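Structure file data.cif (mmCIF, N, CA and C atoms) follows.
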```cif
data_start
loop_
_atom_site.label_atom_id
_atom_site.label_comp_id
_atom_site.auth_asym_id
_atom_site.auth_seq_id
_atom_site.Cartn_x
_atom_site.Cartn_y
_atom_site.Cartn_z
N MET A 1 -66.30 -61.02 89.91
CA MET A 1 -65.53 -61.89 89.03
C MET A 1 -66.05 -63.33 88.98
N PRO A 2 -66.83 -63.77 89.94
CA PRO A 2 -67.30 -65.15 89.85
C PRO A 2 -68.23 -65.35 88.65
N GLU A 3 -68.83 -64.30 88.15
CA GLU A 3 -69.72 -64.43 86.99
C GLU A 3 -68.93 -64.68 85.71
N GLU A 4 -67.69 -64.27 85.68
CA GLU A 4 -66.87 -64.41 84.46
C GLU A 4 -66.71 -65.87 84.04
N PRO A 5 -66.35 -66.80 84.91
CA PRO A 5 -66.23 -68.21 84.47
C PRO A 5 -67.58 -68.78 84.04
N ASP A 6 -68.68 -68.38 84.70
CA ASP A 6 -69.98 -68.88 84.31
C ASP A 6 -70.33 -68.40 82.89
N ARG A 7 -70.03 -67.17 82.61
CA ARG A 7 -70.31 -66.63 81.30
C ARG A 7 -69.48 -67.34 80.23
N LEU A 8 -68.21 -67.58 80.54
CA LEU A 8 -67.35 -68.30 79.59
C LEU A 8 -67.85 -69.72 79.38
N GLU A 9 -68.27 -70.37 80.46
CA GLU A 9 -68.78 -71.74 80.31
C GLU A 9 -70.04 -71.75 79.46
N ARG A 10 -70.92 -70.77 79.66
CA ARG A 10 -72.14 -70.71 78.85
C ARG A 10 -71.81 -70.51 77.36
N GLU A 11 -70.85 -69.63 77.08
CA GLU A 11 -70.47 -69.39 75.68
C GLU A 11 -69.86 -70.64 75.07
N ILE A 12 -69.01 -71.32 75.86
CA ILE A 12 -68.39 -72.56 75.36
C ILE A 12 -69.47 -73.60 75.10
N GLN A 13 -70.43 -73.70 76.01
CA GLN A 13 -71.52 -74.66 75.84
C GLN A 13 -72.36 -74.32 74.61
N GLU A 14 -72.61 -73.05 74.35
CA GLU A 14 -73.36 -72.64 73.16
C GLU A 14 -72.61 -73.01 71.89
N ILE A 15 -71.30 -72.79 71.90
CA ILE A 15 -70.48 -73.14 70.73
C ILE A 15 -70.52 -74.64 70.50
N LEU A 16 -70.39 -75.42 71.58
CA LEU A 16 -70.43 -76.89 71.43
C LEU A 16 -71.80 -77.36 70.94
N ASP A 17 -72.87 -76.70 71.40
CA ASP A 17 -74.21 -77.07 70.92
C ASP A 17 -74.34 -76.79 69.43
N LYS A 18 -73.76 -75.69 68.99
CA LYS A 18 -73.83 -75.37 67.56
C LYS A 18 -73.03 -76.36 66.73
N ILE A 19 -71.90 -76.83 67.28
CA ILE A 19 -71.09 -77.80 66.55
C ILE A 19 -71.86 -79.10 66.40
N GLU A 20 -72.63 -79.48 67.39
CA GLU A 20 -73.41 -80.71 67.31
C GLU A 20 -74.52 -80.60 66.28
N GLN A 21 -74.89 -79.39 65.93
CA GLN A 21 -75.97 -79.19 64.97
C GLN A 21 -75.45 -79.01 63.55
N LEU A 22 -74.26 -79.51 63.25
CA LEU A 22 -73.72 -79.42 61.89
C LEU A 22 -74.63 -80.19 60.93
N PRO A 23 -74.69 -79.78 59.70
CA PRO A 23 -75.54 -80.49 58.75
C PRO A 23 -75.02 -81.91 58.50
N ALA A 24 -75.92 -82.76 58.14
CA ALA A 24 -75.57 -84.15 57.84
C ALA A 24 -74.70 -84.17 56.58
N PRO A 25 -73.93 -85.24 56.39
CA PRO A 25 -73.07 -85.31 55.18
C PRO A 25 -73.86 -85.18 53.89
N ARG A 26 -75.08 -85.72 53.86
CA ARG A 26 -75.90 -85.60 52.66
C ARG A 26 -76.22 -84.13 52.39
N ARG A 27 -76.52 -83.40 53.45
CA ARG A 27 -76.83 -81.96 53.31
C ARG A 27 -75.60 -81.20 52.85
N ARG A 28 -74.41 -81.57 53.35
CA ARG A 28 -73.18 -80.90 52.92
C ARG A 28 -72.92 -81.16 51.45
N ARG A 29 -73.19 -82.40 50.99
CA ARG A 29 -73.01 -82.69 49.57
C ARG A 29 -73.98 -81.87 48.73
N ALA A 30 -75.20 -81.71 49.21
CA ALA A 30 -76.18 -80.92 48.49
C ALA A 30 -75.74 -79.47 48.40
N SER A 31 -75.18 -78.94 49.47
CA SER A 31 -74.71 -77.56 49.40
C SER A 31 -73.50 -77.45 48.47
N GLY A 32 -72.68 -78.50 48.40
CA GLY A 32 -71.58 -78.50 47.43
C GLY A 32 -72.10 -78.51 46.01
N LEU A 33 -73.16 -79.27 45.78
CA LEU A 33 -73.79 -79.30 44.47
C LEU A 33 -74.38 -77.93 44.15
N GLN A 34 -75.00 -77.30 45.13
CA GLN A 34 -75.55 -75.97 44.92
C GLN A 34 -74.45 -74.97 44.59
N ARG A 35 -73.32 -75.08 45.28
CA ARG A 35 -72.20 -74.17 44.98
C ARG A 35 -71.70 -74.37 43.56
N SER A 36 -71.57 -75.63 43.14
CA SER A 36 -71.09 -75.86 41.77
C SER A 36 -72.12 -75.37 40.74
N LEU A 37 -73.41 -75.59 41.02
CA LEU A 37 -74.43 -75.08 40.11
C LEU A 37 -74.43 -73.56 40.08
N ARG A 38 -74.20 -72.94 41.22
CA ARG A 38 -74.15 -71.48 41.27
C ARG A 38 -72.95 -70.97 40.45
N ARG A 39 -71.81 -71.67 40.55
CA ARG A 39 -70.65 -71.27 39.75
C ARG A 39 -70.94 -71.38 38.25
N ILE A 40 -71.60 -72.47 37.87
CA ILE A 40 -71.96 -72.65 36.46
C ILE A 40 -72.93 -71.55 36.03
N GLY A 41 -73.91 -71.27 36.88
CA GLY A 41 -74.87 -70.21 36.57
C GLY A 41 -74.20 -68.85 36.46
N ASP A 42 -73.22 -68.59 37.34
CA ASP A 42 -72.50 -67.32 37.26
C ASP A 42 -71.71 -67.23 35.95
N GLY A 43 -71.12 -68.34 35.53
CA GLY A 43 -70.38 -68.35 34.27
C GLY A 43 -71.29 -68.10 33.08
N VAL A 44 -72.46 -68.75 33.08
CA VAL A 44 -73.42 -68.54 32.00
C VAL A 44 -73.91 -67.10 32.00
N SER A 45 -74.17 -66.57 33.19
CA SER A 45 -74.63 -65.18 33.30
C SER A 45 -73.57 -64.20 32.78
N ALA A 46 -72.32 -64.44 33.11
CA ALA A 46 -71.25 -63.57 32.62
C ALA A 46 -71.15 -63.65 31.09
N TRP A 47 -71.30 -64.86 30.54
CA TRP A 47 -71.25 -65.03 29.08
C TRP A 47 -72.42 -64.29 28.43
N GLN A 48 -73.62 -64.37 29.02
CA GLN A 48 -74.78 -63.68 28.46
C GLN A 48 -74.58 -62.17 28.50
N ARG A 49 -74.01 -61.65 29.59
CA ARG A 49 -73.75 -60.21 29.66
C ARG A 49 -72.77 -59.78 28.58
N THR A 50 -71.75 -60.60 28.33
CA THR A 50 -70.78 -60.28 27.30
C THR A 50 -71.44 -60.26 25.92
N VAL A 51 -72.28 -61.25 25.64
CA VAL A 51 -72.96 -61.32 24.34
C VAL A 51 -73.86 -60.11 24.16
N VAL A 52 -74.61 -59.75 25.21
CA VAL A 52 -75.52 -58.61 25.10
C VAL A 52 -74.74 -57.31 24.92
N GLN A 53 -73.61 -57.17 25.60
CA GLN A 53 -72.79 -55.96 25.42
C GLN A 53 -72.29 -55.86 23.99
N GLU A 54 -71.86 -56.98 23.42
CA GLU A 54 -71.38 -56.95 22.04
C GLU A 54 -72.53 -56.65 21.07
N LEU A 55 -73.71 -57.23 21.32
CA LEU A 55 -74.84 -56.98 20.44
C LEU A 55 -75.36 -55.56 20.57
N SER A 56 -75.18 -54.94 21.73
CA SER A 56 -75.67 -53.57 21.90
C SER A 56 -74.85 -52.57 21.10
N ARG A 57 -73.71 -52.99 20.61
CA ARG A 57 -72.89 -52.09 19.79
C ARG A 57 -73.40 -51.99 18.36
N ILE A 58 -74.31 -52.89 17.98
CA ILE A 58 -74.87 -52.89 16.63
C ILE A 58 -76.05 -51.94 16.61
N SER A 59 -76.06 -50.99 15.70
CA SER A 59 -77.15 -50.02 15.62
C SER A 59 -78.29 -50.59 14.76
N LEU A 60 -79.43 -49.95 14.86
CA LEU A 60 -80.58 -50.40 14.08
C LEU A 60 -80.36 -50.19 12.58
N SER A 61 -79.67 -49.12 12.23
CA SER A 61 -79.41 -48.91 10.81
C SER A 61 -78.48 -50.00 10.25
N GLN A 62 -77.57 -50.50 11.07
CA GLN A 62 -76.73 -51.61 10.63
C GLN A 62 -77.57 -52.88 10.44
N LEU A 63 -78.59 -53.07 11.30
CA LEU A 63 -79.46 -54.23 11.14
C LEU A 63 -80.28 -54.13 9.85
N VAL A 64 -80.74 -52.94 9.52
CA VAL A 64 -81.48 -52.74 8.28
C VAL A 64 -80.57 -53.05 7.08
N LEU A 65 -79.35 -52.55 7.13
CA LEU A 65 -78.39 -52.83 6.06
C LEU A 65 -78.11 -54.33 5.94
N LEU A 66 -77.95 -54.99 7.08
CA LEU A 66 -77.72 -56.44 7.07
C LEU A 66 -78.90 -57.18 6.47
N SER A 67 -80.12 -56.74 6.79
CA SER A 67 -81.29 -57.40 6.24
C SER A 67 -81.36 -57.21 4.72
N PHE A 68 -81.03 -56.01 4.24
CA PHE A 68 -81.00 -55.80 2.78
C PHE A 68 -79.95 -56.69 2.12
N LEU A 69 -78.80 -56.83 2.77
CA LEU A 69 -77.76 -57.69 2.21
C LEU A 69 -78.19 -59.15 2.21
N LEU A 70 -78.91 -59.59 3.24
CA LEU A 70 -79.41 -60.96 3.27
C LEU A 70 -80.42 -61.19 2.14
N ILE A 71 -81.31 -60.24 1.94
CA ILE A 71 -82.31 -60.37 0.88
C ILE A 71 -81.63 -60.38 -0.48
N LEU A 72 -80.66 -59.49 -0.68
CA LEU A 72 -79.92 -59.44 -1.94
C LEU A 72 -79.14 -60.73 -2.17
N GLY A 73 -78.49 -61.23 -1.13
CA GLY A 73 -77.76 -62.49 -1.26
C GLY A 73 -78.69 -63.65 -1.55
N ALA A 74 -79.89 -63.62 -1.00
CA ALA A 74 -80.85 -64.69 -1.26
C ALA A 74 -81.29 -64.70 -2.72
N PHE A 75 -81.37 -63.51 -3.34
CA PHE A 75 -81.72 -63.46 -4.75
C PHE A 75 -80.63 -64.12 -5.61
N PHE A 76 -79.38 -63.94 -5.23
CA PHE A 76 -78.28 -64.50 -6.02
C PHE A 76 -78.13 -66.00 -5.84
N ILE A 77 -78.51 -66.54 -4.69
CA ILE A 77 -78.33 -67.98 -4.49
C ILE A 77 -79.67 -68.71 -4.43
N ARG A 78 -80.66 -68.19 -5.15
CA ARG A 78 -81.97 -68.82 -5.19
C ARG A 78 -81.91 -70.24 -5.71
N GLY A 79 -81.05 -70.51 -6.66
CA GLY A 79 -80.99 -71.81 -7.30
C GLY A 79 -80.36 -72.90 -6.45
N LEU A 80 -79.83 -72.58 -5.30
CA LEU A 80 -79.16 -73.59 -4.48
C LEU A 80 -80.11 -74.37 -3.58
N GLY A 81 -81.38 -74.19 -3.73
CA GLY A 81 -82.35 -74.95 -2.94
C GLY A 81 -82.91 -74.13 -1.80
N PRO A 82 -83.15 -74.78 -0.69
CA PRO A 82 -83.83 -74.11 0.42
C PRO A 82 -82.97 -73.06 1.14
N VAL A 83 -81.69 -73.03 0.88
CA VAL A 83 -80.82 -72.06 1.55
C VAL A 83 -81.22 -70.63 1.17
N GLY A 84 -81.48 -70.43 -0.11
CA GLY A 84 -81.88 -69.11 -0.57
C GLY A 84 -83.22 -68.69 0.01
N THR A 85 -84.12 -69.64 0.13
CA THR A 85 -85.44 -69.34 0.71
C THR A 85 -85.30 -68.95 2.18
N TRP A 86 -84.51 -69.70 2.90
CA TRP A 86 -84.32 -69.40 4.33
C TRP A 86 -83.61 -68.07 4.53
N LEU A 87 -82.65 -67.76 3.67
CA LEU A 87 -81.99 -66.46 3.76
C LEU A 87 -82.97 -65.32 3.49
N MET A 88 -83.85 -65.54 2.50
CA MET A 88 -84.86 -64.53 2.19
C MET A 88 -85.79 -64.32 3.38
N ILE A 89 -86.25 -65.39 3.99
CA ILE A 89 -87.14 -65.29 5.15
C ILE A 89 -86.44 -64.59 6.31
N ALA A 90 -85.19 -64.97 6.55
CA ALA A 90 -84.43 -64.33 7.63
C ALA A 90 -84.24 -62.84 7.36
N GLY A 91 -83.94 -62.49 6.12
CA GLY A 91 -83.76 -61.08 5.77
C GLY A 91 -85.04 -60.27 5.94
N VAL A 92 -86.16 -60.84 5.52
CA VAL A 92 -87.44 -60.12 5.64
C VAL A 92 -87.82 -59.97 7.11
N VAL A 93 -87.65 -61.03 7.91
CA VAL A 93 -87.98 -60.94 9.33
C VAL A 93 -87.10 -59.91 10.02
N LEU A 94 -85.81 -59.92 9.71
CA LEU A 94 -84.89 -58.96 10.30
C LEU A 94 -85.23 -57.53 9.86
N LEU A 95 -85.60 -57.36 8.60
CA LEU A 95 -85.97 -56.04 8.11
C LEU A 95 -87.22 -55.52 8.82
N VAL A 96 -88.24 -56.35 8.92
CA VAL A 96 -89.48 -55.93 9.58
C VAL A 96 -89.23 -55.62 11.06
N ALA A 97 -88.46 -56.47 11.73
CA ALA A 97 -88.19 -56.24 13.15
C ALA A 97 -87.38 -54.97 13.38
N SER A 98 -86.36 -54.75 12.57
CA SER A 98 -85.53 -53.57 12.78
C SER A 98 -86.28 -52.29 12.42
N LEU A 99 -87.10 -52.33 11.36
CA LEU A 99 -87.89 -51.15 11.03
C LEU A 99 -88.94 -50.87 12.11
N ALA A 100 -89.54 -51.92 12.66
CA ALA A 100 -90.51 -51.73 13.75
C ALA A 100 -89.83 -51.12 14.97
N LEU A 101 -88.63 -51.57 15.27
CA LEU A 101 -87.89 -50.98 16.39
C LEU A 101 -87.54 -49.53 16.13
N MET A 102 -87.19 -49.23 14.88
CA MET A 102 -86.86 -47.84 14.55
C MET A 102 -88.09 -46.94 14.68
N ILE A 103 -89.23 -47.43 14.23
CA ILE A 103 -90.43 -46.60 14.24
C ILE A 103 -91.06 -46.53 15.63
N PHE A 104 -91.27 -47.66 16.25
CA PHE A 104 -92.00 -47.69 17.51
C PHE A 104 -91.09 -47.64 18.73
N GLY A 105 -89.82 -48.01 18.58
CA GLY A 105 -88.89 -47.97 19.71
C GLY A 105 -88.50 -46.56 20.04
N GLY A 106 -88.36 -45.74 19.06
CA GLY A 106 -88.15 -44.31 19.12
C GLY A 106 -87.28 -43.73 20.20
N GLY A 107 -86.55 -44.46 20.94
CA GLY A 107 -85.71 -43.90 21.98
C GLY A 107 -86.38 -44.00 23.33
N SER A 108 -85.65 -43.69 24.36
CA SER A 108 -86.17 -43.85 25.71
C SER A 108 -86.47 -42.51 26.36
N GLY A 109 -86.64 -41.46 25.58
CA GLY A 109 -86.95 -40.16 26.14
C GLY A 109 -85.74 -39.44 26.69
N ARG A 110 -84.56 -39.96 26.40
CA ARG A 110 -83.35 -39.30 26.88
C ARG A 110 -83.07 -38.06 26.05
N ALA A 111 -82.44 -37.10 26.68
CA ALA A 111 -82.08 -35.88 25.95
C ALA A 111 -80.81 -36.12 25.16
N ARG A 112 -80.78 -35.64 23.95
CA ARG A 112 -79.61 -35.78 23.10
C ARG A 112 -78.88 -34.44 23.09
N THR A 113 -77.60 -34.43 23.37
CA THR A 113 -76.86 -33.17 23.42
C THR A 113 -75.87 -33.10 22.27
N GLN A 114 -75.72 -31.88 21.75
CA GLN A 114 -74.74 -31.63 20.70
C GLN A 114 -74.04 -30.32 21.00
N GLN A 115 -72.86 -30.17 20.43
CA GLN A 115 -72.10 -28.94 20.58
C GLN A 115 -72.18 -28.15 19.28
N TRP A 116 -72.42 -26.85 19.41
CA TRP A 116 -72.41 -25.98 18.25
C TRP A 116 -71.82 -24.65 18.67
N ARG A 117 -70.71 -24.28 18.05
CA ARG A 117 -69.98 -23.05 18.37
C ARG A 117 -69.66 -22.94 19.85
N GLY A 118 -69.26 -24.07 20.42
CA GLY A 118 -68.82 -24.07 21.81
C GLY A 118 -69.95 -24.10 22.83
N ARG A 119 -71.18 -24.14 22.37
CA ARG A 119 -72.31 -24.17 23.29
C ARG A 119 -73.05 -25.49 23.15
N THR A 120 -73.61 -25.95 24.24
CA THR A 120 -74.34 -27.21 24.23
C THR A 120 -75.79 -26.96 23.81
N ILE A 121 -76.22 -27.75 22.84
CA ILE A 121 -77.60 -27.69 22.37
C ILE A 121 -78.22 -29.04 22.72
N SER A 122 -79.38 -29.01 23.36
CA SER A 122 -80.02 -30.28 23.71
C SER A 122 -81.39 -30.34 23.08
N TYR A 123 -81.69 -31.50 22.55
CA TYR A 123 -82.99 -31.79 21.97
C TYR A 123 -83.60 -32.89 22.82
N SER A 124 -84.70 -32.59 23.47
CA SER A 124 -85.34 -33.64 24.27
C SER A 124 -86.33 -34.38 23.40
N ARG A 125 -86.38 -35.66 23.59
CA ARG A 125 -87.30 -36.50 22.84
C ARG A 125 -88.47 -36.81 23.74
N ASP A 126 -89.45 -35.92 23.76
CA ASP A 126 -90.61 -36.11 24.61
C ASP A 126 -91.60 -37.05 23.93
N GLY A 127 -92.33 -37.75 24.76
CA GLY A 127 -93.38 -38.61 24.25
C GLY A 127 -94.61 -37.80 23.91
N LEU A 128 -95.59 -38.46 23.32
CA LEU A 128 -96.81 -37.80 22.91
C LEU A 128 -97.55 -37.22 24.12
N ALA A 129 -97.61 -37.96 25.22
CA ALA A 129 -98.31 -37.48 26.40
C ALA A 129 -97.66 -36.21 26.96
N GLN A 130 -96.33 -36.16 26.96
CA GLN A 130 -95.64 -34.97 27.46
C GLN A 130 -95.88 -33.77 26.56
N ARG A 131 -95.90 -34.00 25.25
CA ARG A 131 -96.16 -32.89 24.33
C ARG A 131 -97.57 -32.36 24.49
N ILE A 132 -98.56 -33.24 24.67
CA ILE A 132 -99.95 -32.80 24.87
C ILE A 132 -100.07 -32.02 26.18
N ARG A 133 -99.44 -32.53 27.26
CA ARG A 133 -99.46 -31.81 28.53
C ARG A 133 -98.86 -30.42 28.41
N ARG A 134 -97.72 -30.33 27.71
CA ARG A 134 -97.07 -29.04 27.52
C ARG A 134 -97.97 -28.09 26.70
N TRP A 135 -98.65 -28.63 25.69
CA TRP A 135 -99.54 -27.81 24.86
C TRP A 135 -100.69 -27.26 25.70
N PHE A 136 -101.29 -28.13 26.54
CA PHE A 136 -102.39 -27.66 27.40
C PHE A 136 -101.90 -26.64 28.41
N SER A 137 -100.72 -26.86 29.00
CA SER A 137 -100.23 -25.90 29.99
C SER A 137 -99.89 -24.56 29.34
N ASN A 138 -99.37 -24.57 28.10
CA ASN A 138 -99.10 -23.32 27.39
C ASN A 138 -100.40 -22.60 27.05
N ARG A 139 -101.45 -23.31 26.70
CA ARG A 139 -102.75 -22.70 26.38
C ARG A 139 -103.39 -22.11 27.62
N SER A 140 -103.21 -22.76 28.77
CA SER A 140 -103.85 -22.26 30.00
C SER A 140 -103.15 -21.01 30.53
N ARG A 141 -101.91 -20.80 30.17
CA ARG A 141 -101.16 -19.62 30.62
C ARG A 141 -101.55 -18.36 29.86
N ARG A 142 -102.17 -18.51 28.70
CA ARG A 142 -102.51 -17.35 27.86
C ARG A 142 -103.62 -16.54 28.44
#
```
Please express what this file holds, its structure, as structure tokens.
Amino acid sequence: MPEEPDRLEREIQEILDKIEQLPAPRRRRASGLQRSLRRIGDGVSAWQRTVVQELSRISLSQLVLLSFLLILGAFFIRGLGPVGTWLMIAGVVLLVASLALMIFGGGSGRARTQQWRGRTISYSRDGLAQRIRRWFSNRSRR
């Protein structure tokens, strides 16, 4: 039992040493500033996630339709000055971008499932490399 008080004294001394090593007031203010910046960053991050979630609900076909409407609207308000020109440019850029995404974006290779007469039908969207591999493996089995 004589070791018990020595052990307690050592622990108390370690705790007191740690208390003496507290950060300086300037360092505490800096950590407070970091906390407030982190809160602001978290708020901005949450807002960005919300915006992206809302934008992800818009399909590519809706973007193509919107671009056609912008181009059509630009034709009707051509006489109002640069507004019609800017609308036309925005419509063309949006049309080209959405069509490029439709053609080259082509999906992420996920399988699409549908129901027909109570049975699940799946269509896999394989990439070109997977189709070529499958073709070679089918030819080698013959």
For the file shown, report as an MDAnalysis selection string the outcome of the PyMOL selection byres ((chain A and resi 94-100) around 8) at residue level.
chainID A and resid 60:61 63:68 88:93 101:106
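Note that the spacing between CA of Gly73 in chain A and CA of Leu87 in chain A amounts to 7.7 Å.
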So the first atom is CA of Trp135 in chain A and the second is atom C of Ile121 in chain A; what is the distance between them in Å, to one decimal place?
21.5 Å
Residues of range 4-141 of chain A in alpha helix (DSSP H), written as a PyMOL selection string
chain A and resi 4-20+25-55+60-76+82-100+128-141
Distance in Å - atom C of Ile19 in chain A versus CA of Glu4 in chain A:
23.8 Å
What residues in range 1-141 of chain A get the DSSP label strand (DSSP E or B)? Please answer as a list in words.
Ala111, Arg112, Thr113, Gln114, Gln115, Trp116, Arg119, Thr120, Ile121, Ser122, Tyr123 and Ser124 of chain A
